[in-house]
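Beneath this line is the structure, given in structure tokens, with notes to follow.
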Amino acid sequence: MSKSTSRNIIIAVVLIVVALGIVYFYYQSTTTPPPSQPTQPTQPTQPSAPAQPPQTPPSNATQPSQPQAPALKTITIGTSTIRVPSYFYDFVQKAKSGQIQVTINFWTGMSQWEVDVMKNVIAKFQQEYPGITVKYTNVQNLKEQVKAGVLTGDVENTAHVFTWAHDWTGDLADSGAIVALDQYLPPETLTDLKAQYMASAYTSGVYKLHLYGLPWAAEAIALVCNKDLVPSAPQTWSDFEKIMQQWYNPSKNTYGIAYQIDPYHVYPFVTAFGGFYYDEDRNAVGVNSQGTVDGITFYIQHVMKYMYTSDVGMEAQLKILTDGRTPCMVTGPWNIPTIKQNIKNVVVYPIPPIDGKTPKPFSGVKQMWVTKVVEGDKNRLYASILFTMWFTLNDDALKTLADAGYIPVKLSILQYLQANADKYPTILGFAQAVANSVPMPKSANMNYVWGPVSDALNAIVTKYNEQGEQATLSVVKQLLDDAQSKIVAKIGG
């Protein structure tokens, strides 16, 4: 074969190979999708579909051992029927039958007469739940002792459940001292609980979208009078001022009104003029706002003017009332037992409106909280939650508390009191004050508010006693400006 013939054969083979390659590439390009198609950029939401959130609250994610949607059972706790998780239902049944034995510590910071009432209520609980022993202690410096016990993790000697007004909630939650109940109770249980109480009472236990406490009573100040001396409620502050004028005679040691002076008690006059101390929703401080200045000014001119101002503490002012040296005192339900020991016919009236403006006192809702120390012990945790729920839901126990002078917040008890109004005139009077009140802020920032405002009011009283009304009025704005500056320096606003 010649060289030229061989070269022609090689060229032909190469051409055939190239042709076959072109055909193969064409075939592949028409049957294989382009590399970008598997990512499907036009449907970006599809990959996230399997990760839809569970139906239970996000906080339940901290309990991997419990199902995200626990089976529910209906149970009566106290006298209310609610839905609870099956594991909690089983625990309650065992506690009721005595199949378990667990001890929980319950702490309060109360007066002696309140301690006796608490013991009575606890006895009712233990009779119903013999499997749970409630070790009750009344302590001083309640908040500090609770926080210290949680910090050291002293499970045996720290409160597992304790109670105080709701304004502690923010500080306790932020410091990690208390349990968020919605970590252990599903939405259905929370819905059933919410339906049992006054709406404002339930929300007083909510902080940063978590439920930390359950309410059992409320309190707000009102005008407490000797009915023999003031037989009907003054319709306006001007009407009441006429009564005060008739009684005010320092030379005979009689006064128009008894009134404890501090930021809490003076607040109705602040709100009547549109003032405020602290707005937690806006993180705003209003201690030197025009409304606050006007309210304090009115208080000096139309309240302090008729008072004994040498000692404006509770005990001195209360004694003026119980001695019969004044017809009325602005105070709360905590002083009613002492007042009733000395005055036969006690009546509670709203603080009268001022030129059509309604004075709105602070209100405090008594909460039951569970501390963090019980989270490592399932039985103690469930026992603490059960005791908290029972305490706030048992109508018999709540009637005992109402008979002692506590203002209920459970709707069924309020209805009972209204149906028996002749038996509960004092409590219903305070209930009206609660209805017209402003709940105390729950924010821990209030810790920075009370002190400067108290200092300003103390300075006002001192100035009044030393130099009189006009000199005092001239320094109100400056004193409130100083208080405002101190508060803002701490929290802003």
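Residues in the structure tokens are named by chain (A, B, ... in the order shown) and by number from 1 within that chain; ligands are numbered from 1 in the order shown.
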Within 12 Å of Gln112 (chain A) using only C-alpha atoms, minus same-chain residues under 3 positions, as JSON, numbers by chain | {"A": [108, 109, 115, 116, 117, 118, 119, 137, 138, 139, 334, 337, 338]}
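By chain and then residue number, the residues within 12 Å of Ile243 (chain A) are Cys225, Leu229, Val230, Pro231, Ser232, Ala233, Pro234, Thr236, Trp237, Ser238, Tyr248, Tyr255, Gly256, Ile257, Val303, Tyr306, Thr326, Pro327 and Cys328 of chain A, counting only C-alpha atoms and disregarding those fewer than 5 positions away in sequence.
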Alpha helix (DSSP H) positions in region 76-246 of chain A, given as a count of residues only = 69
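Nearest to Ala433 (chain A) of all the residues A:Thr103, A:Thr331, A:Gln478, A:Thr400 is A:Thr331, based on only C-alpha atoms.
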Who sits within 12 Å of Ala471 (chain A), only C-alpha atoms, same chain under 4 positions skipped, as number ranges by chain = A: 297, 300-301, 459-467, 475-476
Write out as a PyMOL selection string each polymer residue whose atoms come within 7 Å of Phe362 (chain A), counting only C-alpha atoms; drop sequence neighbours fewer than 3 positions from it.
-> chain A and resi 220+264+267+437-440
With N, CA and C atoms retained, export the selected residues as a compact mmCIF listing (two decimals), in the first residue's frame.
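Written output follows (part-v8.txt):
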```
# COMPACT_ATOMS: atom_id res chain seq x y z
N ALA A 220 -55.91 47.78 95.54
CA ALA A 220 -55.74 49.17 95.13
C ALA A 220 -56.29 50.02 96.26
N TYR A 264 -46.55 55.53 95.77
CA TYR A 264 -47.69 54.65 95.49
C TYR A 264 -49.00 55.33 95.87
N TYR A 267 -50.19 58.50 93.77
CA TYR A 267 -50.36 58.31 92.33
C TYR A 267 -51.76 58.63 91.79
N SER A 437 -58.26 51.17 88.20
CA SER A 437 -56.85 51.36 88.53
C SER A 437 -55.93 51.29 87.31
N VAL A 438 -54.66 51.58 87.57
CA VAL A 438 -53.59 51.42 86.58
C VAL A 438 -52.63 50.36 87.13
N PRO A 439 -52.50 49.20 86.49
CA PRO A 439 -51.58 48.18 87.00
C PRO A 439 -50.15 48.71 87.11
N MET A 440 -49.49 48.40 88.19
CA MET A 440 -48.09 48.81 88.33
C MET A 440 -47.25 48.20 87.21
```
Just the residues within 12 Å of Ile221 (chain A), please, counting only C-alpha atoms, with nothing from its chain fewer than 5 positions along; format it as number ranges by chain.
-> A: 259-260, 264-268, 329-336, 348-351, 359-364, 407, 426-427, 429-438
Just the selected residues (C-alpha atoms), exported as an mmCIF file, in the first residue's frame, please.
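Written file, selection29.cif:
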```cif
data_model
loop_
_atom_site.group_PDB
_atom_site.id
_atom_site.type_symbol
_atom_site.label_atom_id
_atom_site.label_comp_id
_atom_site.auth_asym_id
_atom_site.auth_seq_id
_atom_site.Cartn_x
_atom_site.Cartn_y
_atom_site.Cartn_z
ATOM 1 C CA TYR A 259 -53.082 59.872 104.138
ATOM 2 C CA GLN A 260 -49.765 58.037 103.847
ATOM 3 C CA TYR A 264 -47.693 54.647 95.492
ATOM 4 C CA HIS A 265 -50.330 56.449 97.552
ATOM 5 C CA VAL A 266 -50.023 59.819 95.814
ATOM 6 C CA TYR A 267 -50.363 58.307 92.328
ATOM 7 C CA PRO A 268 -54.176 58.743 91.949
ATOM 8 C CA MET A 329 -58.237 57.595 105.174
ATOM 9 C CA VAL A 330 -56.947 56.713 101.731
ATOM 10 C CA THR A 331 -55.524 53.218 102.159
ATOM 11 C CA GLY A 332 -55.758 49.642 100.925
ATOM 12 C CA PRO A 333 -57.384 46.374 102.027
ATOM 13 C CA TRP A 334 -54.305 45.393 104.060
ATOM 14 C CA ASN A 335 -55.373 47.839 106.806
ATOM 15 C CA ILE A 336 -59.039 46.813 106.959
ATOM 16 C CA VAL A 348 -65.069 51.978 101.107
ATOM 17 C CA TYR A 349 -65.695 54.670 98.502
ATOM 18 C CA PRO A 350 -63.873 55.482 95.253
ATOM 19 C CA ILE A 351 -61.520 58.448 95.450
ATOM 20 C CA PRO A 359 -58.092 59.525 89.981
ATOM 21 C CA LYS A 360 -56.676 56.117 89.059
ATOM 22 C CA PRO A 361 -54.585 54.424 91.754
ATOM 23 C CA PHE A 362 -51.910 51.858 91.134
ATOM 24 C CA SER A 363 -53.127 48.291 91.451
ATOM 25 C CA GLY A 364 -51.160 45.230 92.397
ATOM 26 C CA ILE A 407 -60.053 41.210 96.707
ATOM 27 C CA THR A 426 -65.861 46.620 101.895
ATOM 28 C CA ILE A 427 -64.446 44.141 99.391
ATOM 29 C CA GLY A 429 -65.663 48.879 97.294
ATOM 30 C CA PHE A 430 -62.027 47.915 96.787
ATOM 31 C CA ALA A 431 -63.009 45.827 93.740
ATOM 32 C CA GLN A 432 -64.367 49.017 92.197
ATOM 33 C CA ALA A 433 -61.052 50.726 92.937
ATOM 34 C CA VAL A 434 -59.222 47.865 91.192
ATOM 35 C CA ALA A 435 -61.505 48.223 88.181
ATOM 36 C CA ASN A 436 -60.546 51.920 87.919
ATOM 37 C CA SER A 437 -56.845 51.359 88.526
ATOM 38 C CA VAL A 438 -53.591 51.421 86.581
#
```
Determine which residues of region 262-366 of chain A DSSP labels as strand (DSSP E) from the backbone of this structure, then write them out as a compact mmCIF listing (two decimals) with C-alpha atoms, in the first residue's frame.
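Writing the result to selection_11.txt gives the following:
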```txt
# COMPACT_ATOMS: atom_id res chain seq x y z
CA TYR A 278 -42.96 55.34 83.99
CA ASP A 279 -44.55 53.90 80.84
CA ALA A 284 -40.75 56.66 78.89
CA VAL A 285 -40.22 58.50 82.18
CA CYS A 328 -61.57 58.97 106.31
CA MET A 329 -58.24 57.59 105.17
CA VAL A 330 -56.95 56.71 101.73
CA THR A 331 -55.52 53.22 102.16
CA VAL A 346 -66.47 50.83 107.82
CA VAL A 347 -67.26 51.73 104.22
CA VAL A 348 -65.07 51.98 101.11
CA TYR A 349 -65.69 54.67 98.50
CA PHE A 362 -51.91 51.86 91.13
CA SER A 363 -53.13 48.29 91.45
CA GLY A 364 -51.16 45.23 92.40
CA VAL A 365 -52.23 41.71 91.48
CA LYS A 366 -51.02 39.02 93.83
```
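When only C-alpha atoms are used to measure the gap to Val373 (chain A), the shortest distance among A:Pro85, A:Gly153, A:Pro70, A:Gly213 belongs to A:Gly153.
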For Asp90 (chain A), list every protein, DNA or RNA residue within 12 Å, evaluated using only C-alpha atoms, and leave out those in the same chain fewer than 6 positions away; present the list as a JSON list (two decimals) with C-alpha atoms, in the first residue's frame.
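Just written: selection.json:
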```json
[["chain", "number", "residue", "atom", "x", "y", "z"],
["A", 71, "ALA", "CA", -52.31, 14.37, 74.56],
["A", 72, "LEU", "CA", -54.81, 16.36, 76.58],
["A", 73, "LYS", "CA", -57.20, 15.28, 79.29],
["A", 74, "THR", "CA", -59.92, 17.23, 81.08],
["A", 75, "ILE", "CA", -59.61, 17.62, 84.83],
["A", 84, "VAL", "CA", -54.05, 19.59, 80.80],
["A", 96, "LYS", "CA", -54.78, 12.93, 95.07],
["A", 97, "SER", "CA", -54.61, 9.22, 95.89],
["A", 99, "GLN", "CA", -49.41, 7.28, 95.40],
["A", 100, "ILE", "CA", -46.57, 9.78, 95.47],
["A", 379, "ASN", "CA", -42.40, 15.65, 90.93],
["A", 382, "TYR", "CA", -45.52, 19.36, 88.90],
["A", 383, "ALA", "CA", -46.49, 19.66, 92.58],
["A", 386, "LEU", "CA", -50.52, 22.09, 90.78]]
```
Closest pair table for region 69-142 of chain A residues within 10 Å of region 193-196 of chain A, only C-alpha atoms, as CSV:
```
residue,atom,partner,partner_atom,distance
A:Ser80,CA,A:Gln196,CA,7.8
A:Thr81,CA,A:Leu193,CA,9.2
A:Ile82,CA,A:Leu193,CA,7.1
A:Arg83,CA,A:Leu193,CA,9.1
```
For Thr76 (chain A), the nearest of the candidates A:Thr309, A:Ser454, A:Gln127, A:Gln93, counting only C-alpha atoms =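 Looking at the shortest contact to Thr76 (chain A), the residue is A:Gln93.
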